[in-house]
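Participant: Sending over coords10.csv (CSV, C-alpha atoms).
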```
chain,number,residue,atom,x,y,z
A,116,MET,CA,13.7,-11.2,35.9
A,117,ALA,CA,10.9,-13.6,36.4
A,118,ASP,CA,12.5,-16.0,33.9
A,119,GLU,CA,15.8,-15.8,35.8
A,120,THR,CA,14.0,-16.5,39.1
A,121,GLY,CA,12.3,-19.5,37.5
A,122,ASP,CA,15.6,-20.8,36.2
A,123,VAL,CA,17.2,-20.6,39.7
A,124,ASP,CA,14.2,-22.4,41.3
A,125,ASP,CA,14.6,-25.2,38.7
A,126,LEU,CA,18.3,-25.6,39.7
A,127,LYS,CA,17.5,-25.8,43.4
A,128,SER,CA,17.4,-29.2,45.1
A,129,ALA,CA,14.4,-30.0,47.1
A,130,ASN,CA,14.9,-29.8,50.9
A,131,ALA,CA,14.0,-32.5,53.3
A,132,LYS,CA,10.4,-31.2,53.8
A,133,GLU,CA,9.8,-31.0,50.1
A,134,LEU,CA,11.2,-34.5,49.5
A,135,HIS,CA,9.0,-35.8,52.3
A,136,ARG,CA,6.0,-34.3,50.7
A,137,ALA,CA,6.9,-35.6,47.2
A,138,ILE,CA,7.5,-39.2,48.4
A,139,ARG,CA,4.4,-39.1,50.7
A,140,GLU,CA,2.2,-38.0,47.8
A,141,GLU,CA,3.7,-40.7,45.6
A,142,GLY,CA,2.9,-43.2,48.4
A,143,GLU,CA,-0.6,-42.0,48.7
A,144,GLU,CA,-1.1,-42.4,45.0
A,145,GLU,CA,0.2,-46.0,45.2
A,146,LEU,CA,-2.1,-46.7,48.1
A,147,ARG,CA,-5.1,-45.6,46.0
A,148,ARG,CA,-4.2,-47.8,43.0
A,149,PRO,CA,-6.5,-50.8,42.3
A,150,LEU,CA,-5.4,-54.2,43.5
A,151,ALA,CA,-5.2,-55.5,40.0
A,152,SER,CA,-2.8,-52.7,38.9
A,153,LEU,CA,-0.5,-53.3,41.9
A,154,PHE,CA,-0.5,-57.0,41.3
A,155,TRP,CA,0.3,-57.0,37.6
A,156,SER,CA,2.9,-54.3,38.1
A,157,GLY,CA,4.5,-56.3,40.9
A,158,ILE,CA,4.6,-59.4,38.8
A,159,ALA,CA,6.3,-57.4,36.0
A,160,ALA,CA,8.9,-56.2,38.5
A,161,GLY,CA,9.5,-59.7,39.8
A,162,VAL,CA,10.1,-61.0,36.3
A,163,ALA,CA,12.2,-58.1,35.2
A,164,ILE,CA,14.5,-58.1,38.3
A,165,ASN,CA,15.8,-61.5,37.2
A,166,THR,CA,17.8,-59.5,34.6
A,167,SER,CA,20.2,-58.7,37.5
A,168,LEU,CA,20.9,-62.4,38.0
A,169,LEU,CA,21.1,-63.0,34.2
A,170,THR,CA,23.6,-60.2,33.7
A,171,GLU,CA,25.7,-61.2,36.7
A,172,GLY,CA,25.8,-64.8,35.4
A,173,VAL,CA,27.0,-63.8,31.9
A,174,LEU,CA,29.7,-61.5,33.4
A,175,HIS,CA,30.8,-64.3,35.8
A,176,GLN,CA,30.9,-66.8,32.9
A,177,HIS,CA,33.3,-64.7,30.8
A,178,LEU,CA,35.6,-63.3,33.5
A,179,PRO,CA,38.8,-65.1,34.7
A,180,ASP,CA,38.9,-66.5,38.2
A,181,THR,CA,40.7,-63.5,39.9
A,182,PRO,CA,40.3,-61.6,43.2
A,183,TRP,CA,38.5,-58.8,41.4
A,184,ARG,CA,36.1,-61.1,39.5
A,185,GLU,CA,33.2,-60.6,42.0
A,186,LEU,CA,33.5,-56.8,41.9
A,187,VAL,CA,33.1,-56.8,38.1
A,188,THR,CA,30.4,-59.4,38.2
A,189,ALA,CA,28.4,-57.2,40.6
A,190,LEU,CA,28.2,-54.6,37.9
A,191,GLY,CA,25.3,-56.7,36.5
A,192,TYR,CA,23.3,-56.4,39.8
A,193,PRO,CA,22.0,-52.9,39.1
A,194,ILE,CA,20.5,-53.8,35.7
A,195,GLY,CA,17.3,-55.2,37.0
A,196,PHE,CA,16.8,-52.3,39.3
A,197,LEU,CA,17.3,-49.8,36.5
A,198,ILE,CA,14.6,-51.6,34.4
A,199,VAL,CA,12.2,-51.8,37.3
A,200,ILE,CA,12.6,-48.4,38.9
A,201,LEU,CA,12.9,-46.4,35.6
A,202,GLY,CA,10.0,-48.5,34.2
A,203,ARG,CA,7.9,-47.4,37.3
A,204,MET,CA,7.1,-51.0,38.2
A,205,GLN,CA,6.1,-51.9,41.8
A,206,LEU,CA,9.0,-53.1,43.9
A,207,PHE,CA,8.4,-54.2,47.5
A,208,THR,CA,11.6,-52.6,48.9
A,209,GLU,CA,10.9,-49.2,47.4
A,210,SER,CA,7.4,-49.2,49.0
A,211,THR,CA,8.9,-49.7,52.4
A,212,ILE,CA,9.4,-45.9,52.5
A,213,THR,CA,6.8,-44.6,50.0
A,214,ALA,CA,4.0,-46.4,51.8
A,215,VAL,CA,5.2,-45.7,55.3
A,216,LEU,CA,5.5,-42.0,55.1
A,217,PRO,CA,1.7,-41.6,54.6
A,218,LEU,CA,1.2,-44.0,57.6
A,219,VAL,CA,3.5,-42.1,60.0
A,220,SER,CA,2.1,-38.8,58.9
A,221,ASP,CA,-1.5,-40.0,59.6
A,222,PRO,CA,-1.2,-43.0,62.0
A,223,THR,CA,-4.7,-44.3,61.8
A,224,ARG,CA,-6.1,-47.8,61.6
A,225,GLU,CA,-7.2,-47.1,58.0
A,226,SER,CA,-3.7,-46.0,57.0
A,227,LEU,CA,-2.2,-49.1,58.5
A,228,LEU,CA,-4.6,-51.4,56.7
A,229,ARG,CA,-3.9,-49.6,53.4
A,230,THR,CA,-0.2,-50.0,53.9
A,231,LEU,CA,-0.4,-53.7,54.8
A,232,ARG,CA,-2.7,-54.2,51.7
A,233,LEU,CA,-0.1,-52.6,49.5
A,234,TRP,CA,2.8,-54.6,50.9
A,235,GLY,CA,0.9,-57.8,50.8
A,236,VAL,CA,-0.1,-57.5,47.2
A,237,VAL,CA,3.2,-56.1,45.9
A,238,LEU,CA,5.4,-58.6,47.8
A,239,SER,CA,3.3,-61.6,46.7
A,240,ALA,CA,3.4,-60.4,43.1
A,241,ASN,CA,7.1,-59.8,43.3
A,242,MET,CA,7.7,-63.4,44.6
A,243,ILE,CA,5.5,-64.9,41.8
A,244,GLY,CA,7.4,-62.9,39.2
A,245,THR,CA,10.8,-64.0,40.6
A,246,ALA,CA,9.7,-67.6,40.8
A,247,ILE,CA,8.5,-67.5,37.1
A,248,GLY,CA,11.8,-66.0,36.1
A,249,ALA,CA,13.9,-68.5,38.1
A,250,ALA,CA,11.9,-71.4,36.7
A,251,THR,CA,12.4,-70.2,33.2
A,252,ILE,CA,16.1,-70.0,33.8
A,253,ALA,CA,16.2,-73.5,35.5
A,254,PHE,CA,13.9,-75.4,33.1
A,255,GLY,CA,13.5,-73.3,30.0
A,256,GLY,CA,17.2,-73.3,29.0
A,257,LEU,CA,17.4,-69.6,29.0
A,258,GLY,CA,20.9,-68.6,27.9
A,259,SER,CA,23.7,-71.0,27.2
A,260,ALA,CA,24.6,-73.9,29.5
A,261,GLY,CA,27.7,-72.0,30.7
A,262,ALA,CA,25.5,-69.0,31.6
A,263,HIS,CA,23.1,-71.2,33.5
A,264,ASP,CA,25.9,-72.8,35.5
A,265,ALA,CA,27.4,-69.3,36.2
A,266,MET,CA,24.0,-68.0,37.5
A,267,ILE,CA,23.9,-70.9,39.9
A,268,ALA,CA,27.5,-70.1,40.9
A,269,VAL,CA,26.5,-66.5,41.5
A,270,SER,CA,23.6,-67.6,43.7
A,271,LEU,CA,25.3,-70.2,45.8
A,272,PRO,CA,26.9,-67.8,48.3
A,273,ILE,CA,23.5,-67.0,49.8
A,274,LEU,CA,23.6,-70.6,51.2
A,275,ASP,CA,26.6,-69.6,53.4
A,276,HIS,CA,24.4,-67.5,55.7
A,277,ALA,CA,22.2,-68.8,58.5
A,278,PRO,CA,18.7,-67.2,58.6
A,279,PHE,CA,19.7,-64.7,61.3
A,280,ALA,CA,22.8,-63.7,59.3
A,281,THR,CA,20.6,-63.2,56.3
A,282,LEU,CA,18.2,-61.0,58.3
A,283,ILE,CA,21.1,-58.8,59.6
A,284,ASN,CA,22.6,-58.5,56.1
A,285,ALA,CA,19.1,-57.5,54.8
A,286,VAL,CA,18.8,-54.5,57.1
A,287,PRO,CA,21.4,-52.3,55.4
A,288,ALA,CA,20.0,-53.3,52.0
A,289,GLY,CA,16.5,-52.1,53.0
A,290,PHE,CA,18.1,-48.9,54.4
A,291,LEU,CA,20.0,-48.2,51.1
A,292,ILE,CA,17.1,-48.9,48.8
A,293,ALA,CA,15.0,-46.5,51.0
A,294,ILE,CA,17.7,-43.9,50.6
A,295,LEU,CA,17.6,-44.5,46.9
A,296,ALA,CA,13.8,-43.9,46.8
A,297,TRP,CA,14.3,-40.7,49.0
A,298,THR,CA,17.1,-39.5,46.7
A,299,LEU,CA,15.5,-40.0,43.3
A,300,PRO,CA,13.2,-36.9,43.3
A,301,ASN,CA,16.4,-34.8,43.5
A,302,ALA,CA,18.4,-36.9,41.1
A,303,ARG,CA,16.7,-35.6,37.9
A,304,GLU,CA,19.0,-36.5,34.9
A,305,GLN,CA,21.3,-38.5,37.3
A,306,SER,CA,18.7,-41.1,38.1
A,307,PHE,CA,20.6,-43.8,36.1
A,308,LEU,CA,23.9,-43.2,38.0
A,309,VAL,CA,22.2,-42.9,41.4
A,310,ILE,CA,20.3,-46.2,40.9
A,311,PHE,CA,23.4,-47.9,39.5
A,312,ALA,CA,25.8,-46.7,42.3
A,313,VAL,CA,23.5,-47.5,45.3
A,314,THR,CA,22.5,-51.0,44.0
A,315,TRP,CA,26.1,-51.8,43.1
A,316,VAL,CA,27.1,-51.0,46.7
A,317,VAL,CA,24.4,-53.4,47.9
A,318,ALA,CA,25.9,-56.1,45.7
A,319,ILE,CA,29.6,-55.7,46.5
A,320,CYS,CA,28.9,-55.6,50.2
A,321,GLY,CA,27.0,-58.8,50.1
A,322,PHE,CA,23.8,-57.3,51.5
A,323,SER,CA,20.6,-59.4,51.2
A,324,HIS,CA,17.8,-57.9,49.0
A,325,SER,CA,14.5,-59.8,49.4
A,326,VAL,CA,13.5,-59.6,45.7
A,327,VAL,CA,16.8,-60.2,43.9
A,328,GLY,CA,17.6,-62.7,46.7
A,329,SER,CA,14.4,-64.6,45.9
A,330,CYS,CA,15.5,-64.9,42.3
A,331,GLU,CA,18.7,-66.6,43.5
A,332,ALA,CA,16.8,-68.6,46.1
A,333,PHE,CA,14.2,-69.9,43.7
A,334,LEU,CA,16.9,-70.8,41.1
A,335,LEU,CA,18.7,-72.8,43.8
A,336,PHE,CA,15.4,-74.5,44.7
A,337,PHE,CA,14.5,-75.4,41.1
A,338,SER,CA,18.1,-76.6,40.5
A,339,GLY,CA,18.0,-78.9,43.6
A,340,HIS,CA,20.5,-77.0,45.7
A,341,ALA,CA,18.0,-76.0,48.4
A,342,ASP,CA,14.8,-77.5,49.7
A,343,GLY,CA,11.5,-75.7,50.0
A,344,LEU,CA,11.7,-75.0,53.7
A,345,ARG,CA,15.1,-73.5,53.6
A,346,THR,CA,14.2,-71.5,50.5
A,347,VAL,CA,11.2,-69.8,52.1
A,348,PHE,CA,12.2,-69.7,55.8
A,349,GLY,CA,16.0,-69.6,55.6
A,350,LEU,CA,16.6,-67.4,52.6
A,351,ILE,CA,13.5,-65.3,51.5
A,352,LEU,CA,11.6,-64.6,54.7
A,353,PRO,CA,14.6,-63.4,56.8
A,354,ALA,CA,15.6,-61.0,53.9
A,355,ILE,CA,12.0,-59.6,53.8
A,356,VAL,CA,12.1,-58.9,57.5
A,357,GLY,CA,15.5,-57.3,57.4
A,358,ASN,CA,14.5,-55.1,54.5
A,359,LEU,CA,11.5,-54.0,56.4
A,360,ILE,CA,13.5,-53.1,59.4
A,361,GLY,CA,16.1,-51.2,57.4
A,362,GLY,CA,13.6,-49.4,55.1
A,363,ALA,CA,10.4,-48.9,57.0
A,364,GLY,CA,11.7,-49.3,60.5
A,365,ILE,CA,14.9,-47.2,60.4
A,366,PHE,CA,15.2,-44.9,57.4
A,367,ALA,CA,11.5,-44.0,57.0
A,368,LEU,CA,11.2,-43.1,60.6
A,369,LEU,CA,14.4,-41.0,60.5
A,370,ALA,CA,13.2,-39.3,57.3
A,371,HIS,CA,9.9,-38.5,58.9
A,372,GLY,CA,11.6,-37.4,62.2
A,373,GLN,CA,13.7,-34.7,60.5
A,374,VAL,CA,10.6,-32.9,59.3
A,375,ARG,CA,8.0,-33.8,61.9
A,376,GLY,CA,8.5,-30.6,63.9
A,377,GLU,CA,8.0,-28.5,60.8
A,378,MET,CA,4.9,-30.4,59.8
A,379,THR,CA,3.5,-30.0,63.3
A,380,LYS,CA,4.0,-26.3,63.2
A,381,GLU,CA,2.4,-26.1,59.8
A,382,ALA,CA,-0.6,-28.2,60.9
A,383,LEU,CA,-1.1,-25.9,64.0
A,384,LYS,CA,-0.9,-22.8,61.8
A,385,GLN,CA,-3.4,-24.3,59.4
A,386,ARG,CA,-5.8,-25.2,62.2
A,387,LYS,CA,-5.4,-21.7,63.7
A,388,GLU,CA,-6.2,-20.2,60.3
A,389,GLU,CA,-9.3,-22.5,59.9
A,390,ARG,CA,-10.6,-21.4,63.4
A,391,ARG,CA,-10.1,-17.7,62.4
A,392,GLN,CA,-11.9,-18.3,59.2
A,393,ARG,CA,-14.8,-20.0,61.0
A,394,ARG,CA,-15.1,-17.0,63.4
A,395,LEU,CA,-15.2,-14.6,60.5
A,396,ASP,CA,-17.9,-16.7,58.8
A,397,ARG,CA,-20.0,-16.7,62.0
A,398,ARG,CA,-19.6,-12.9,62.3
A,399,GLY,CA,-20.6,-12.6,58.7
A,400,ALA,CA,-23.7,-14.8,59.2
A,401,LYS,CA,-24.8,-12.7,62.3
A,402,SER,CA,-24.3,-9.5,60.3
A,403,ASP,CA,-26.6,-10.8,57.6
A,404,GLN,CA,-29.2,-11.8,60.1
A,405,HIS,CA,-29.2,-8.3,61.7
A,406,GLY,CA,-29.3,-6.7,58.3
```
Have the structure of the file written as structure tokens, please.

Facilitator:
Amino acid sequence: MADETGDVDDLKSANAKELHRAIREEGEEELRRPLASLFWSGIAAGVAINTSLLTEGVLHQHLPDTPWRELVTALGYPIGFLIVILGRMQLFTESTITAVLPLVSDPTRESLLRTLRLWGVVLSANMIGTAIGAATIAFGGLGSAGAHDAMIAVSLPILDHAPFATLINAVPAGFLIAILAWTLPNAREQSFLVIFAVTWVVAICGFSHSVVGSCEAFLLFFSGHADGLRTVFGLILPAIVGNLIGGAGIFALLAHGQVRGEMTKEALKQRKEERRQRRLDRRGAKSDQHG
């Protein structure tokens, strides 16, 4: 009977409160990691996420110019995310929820500084990694000449958006990647499909992801299609702000809001139990003195 109960428990999906705790604990673990570990993991993620652009470029190169071409090309977009997320590398947009849940659960100055420290290190490292990858594509002759041109063709549509439009398009991307991070603890063996499906939706909808978008932006910069000011302030920075609004500002707060009441009740119950235990301890101490 005990084994059957254990099997049933294994099949159950975690509820919202359990997901909140799992992601919060993961975030607290990330916040405690040394700066060097965060930095090098972030660079690895930035380099690896260029695989999305590489795969999209190759698909675009070999597909005919048809109305469905972009839908199929977008199948390459999830590849970098699969490598980074399953490889447990530090990706800025994932940390918008994992780092925020500890902050909103314990909104202190120390928690805020730790969250800003994590974001600053991971985002900077991601940008360095994507710049290295884009420079390698642009100057290192990575892939065939046709693939190089196709990667530029895949990247050019981001120039169609003004900075504010990029910011608006980045909000749902941040929201969806936060949903992805929230969903993964329940995904188990379906992690591959969940990551693939969510990131493919980001691609086919034309939403702006700050890290993959920086791969495209840096490639356009190194290839002479965008100047430095537009690359940073017109393409990358608006996407970062939009991802933060969607991930940390909307989804993380909604995710916390749905369990806040239960957490408050548990905290009150715990404090009540601690007060009761202190009273018992004092009574025990008095009894020992009289004895």

Participant: Between CA of Trp183 (chain A) and CA of Ile319 (chain A), what is the distance, to one decimal in Å?

Facilitator: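 Going from CA of Trp183 (chain A) over to CA of Ile319 (chain A) covers 10.7 Å.
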
Participant: Can you check which parts of region 127-183 of chain A lie within 8 Å of region 188-202 of chain A? Per residue, the shortest pair of atoms and distance in Å to one decimal, counting all atoms listed in the file, sorted by chain and number, as a Markdown table.

Facilitator:
```
| residue | atom | partner | partner_atom | distance |
| --- | --- | --- | --- | --- |
| A:Ala160 | CA | A:Val199 | CA | 5.6 |
| A:Ala163 | CA | A:Gly195 | CA | 6.1 |
| A:Ile164 | CA | A:Gly195 | CA | 4.2 |
| A:Asn165 | CA | A:Gly195 | CA | 6.5 |
| A:Thr166 | CA | A:Gly195 | CA | 4.9 |
| A:Ser167 | CA | A:Tyr192 | CA | 4.5 |
| A:Leu168 | CA | A:Tyr192 | CA | 6.7 |
| A:Leu169 | CA | A:Gly191 | CA | 7.9 |
| A:Thr170 | CA | A:Gly191 | CA | 4.8 |
| A:Glu171 | CA | A:Gly191 | CA | 4.5 |
| A:Gly172 | CA | A:Thr188 | CA | 7.6 |
| A:Leu174 | CA | A:Thr188 | CA | 5.3 |
| A:His175 | CA | A:Thr188 | CA | 5.5 |
```

Participant: Take the residues from that selection and write them out as a PDB file, in the coordinates of the input, keeping C-alpha atoms.

Facilitator:
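Generated file (again.pdb):
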```
ATOM      1  CA  ALA A 160       8.900 -56.200  38.500  1.00  0.00           C
ATOM      2  CA  ALA A 163      12.200 -58.100  35.200  1.00  0.00           C
ATOM      3  CA  ILE A 164      14.500 -58.100  38.300  1.00  0.00           C
ATOM      4  CA  ASN A 165      15.800 -61.500  37.200  1.00  0.00           C
ATOM      5  CA  THR A 166      17.800 -59.500  34.600  1.00  0.00           C
ATOM      6  CA  SER A 167      20.200 -58.700  37.500  1.00  0.00           C
ATOM      7  CA  LEU A 168      20.900 -62.400  38.000  1.00  0.00           C
ATOM      8  CA  LEU A 169      21.100 -63.000  34.200  1.00  0.00           C
ATOM      9  CA  THR A 170      23.600 -60.200  33.700  1.00  0.00           C
ATOM     10  CA  GLU A 171      25.700 -61.200  36.700  1.00  0.00           C
ATOM     11  CA  GLY A 172      25.800 -64.800  35.400  1.00  0.00           C
ATOM     12  CA  LEU A 174      29.700 -61.500  33.400  1.00  0.00           C
ATOM     13  CA  HIS A 175      30.800 -64.300  35.800  1.00  0.00           C
TER      14      HIS A 175
END
```

Participant: With a distance cut-off of 12 Å and all atoms listed in the file, select the neighbouring residues of His340 (chain A), excluding the residue or stretch itself and same-chain residues fewer than 4 positions from it, and output the selection as a list in words.

Facilitator: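 Residues meeting the cut-off are Ala253, Ile267, Ala268, Ser270, Leu271, Pro272, Ile273, Leu274, Glu331, Ala332, Phe333, Leu334, Leu335, Phe336, Arg345 and Thr346 of chain A.
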
Participant: Using all atoms listed in the file and a cutoff of 10 Å, can you tell me which residues are near (2.3, -57.8, 42.3) in the file's coordinates, and write them out as a ChimeraX atom specification?

Facilitator: /A:150-161,204-207,233-244

Participant: Can you tell me how far CA of Leu291 (chain A) sits from CA of Glu225 (chain A), in Å to one decimal?

Facilitator: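 Between these atoms lies a distance of 28.1 Å.
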
Participant: Just how far from CA of Ala246 (chain A) is CA of Val215 (chain A), in Å to one decimal?

Facilitator: 26.6 Å
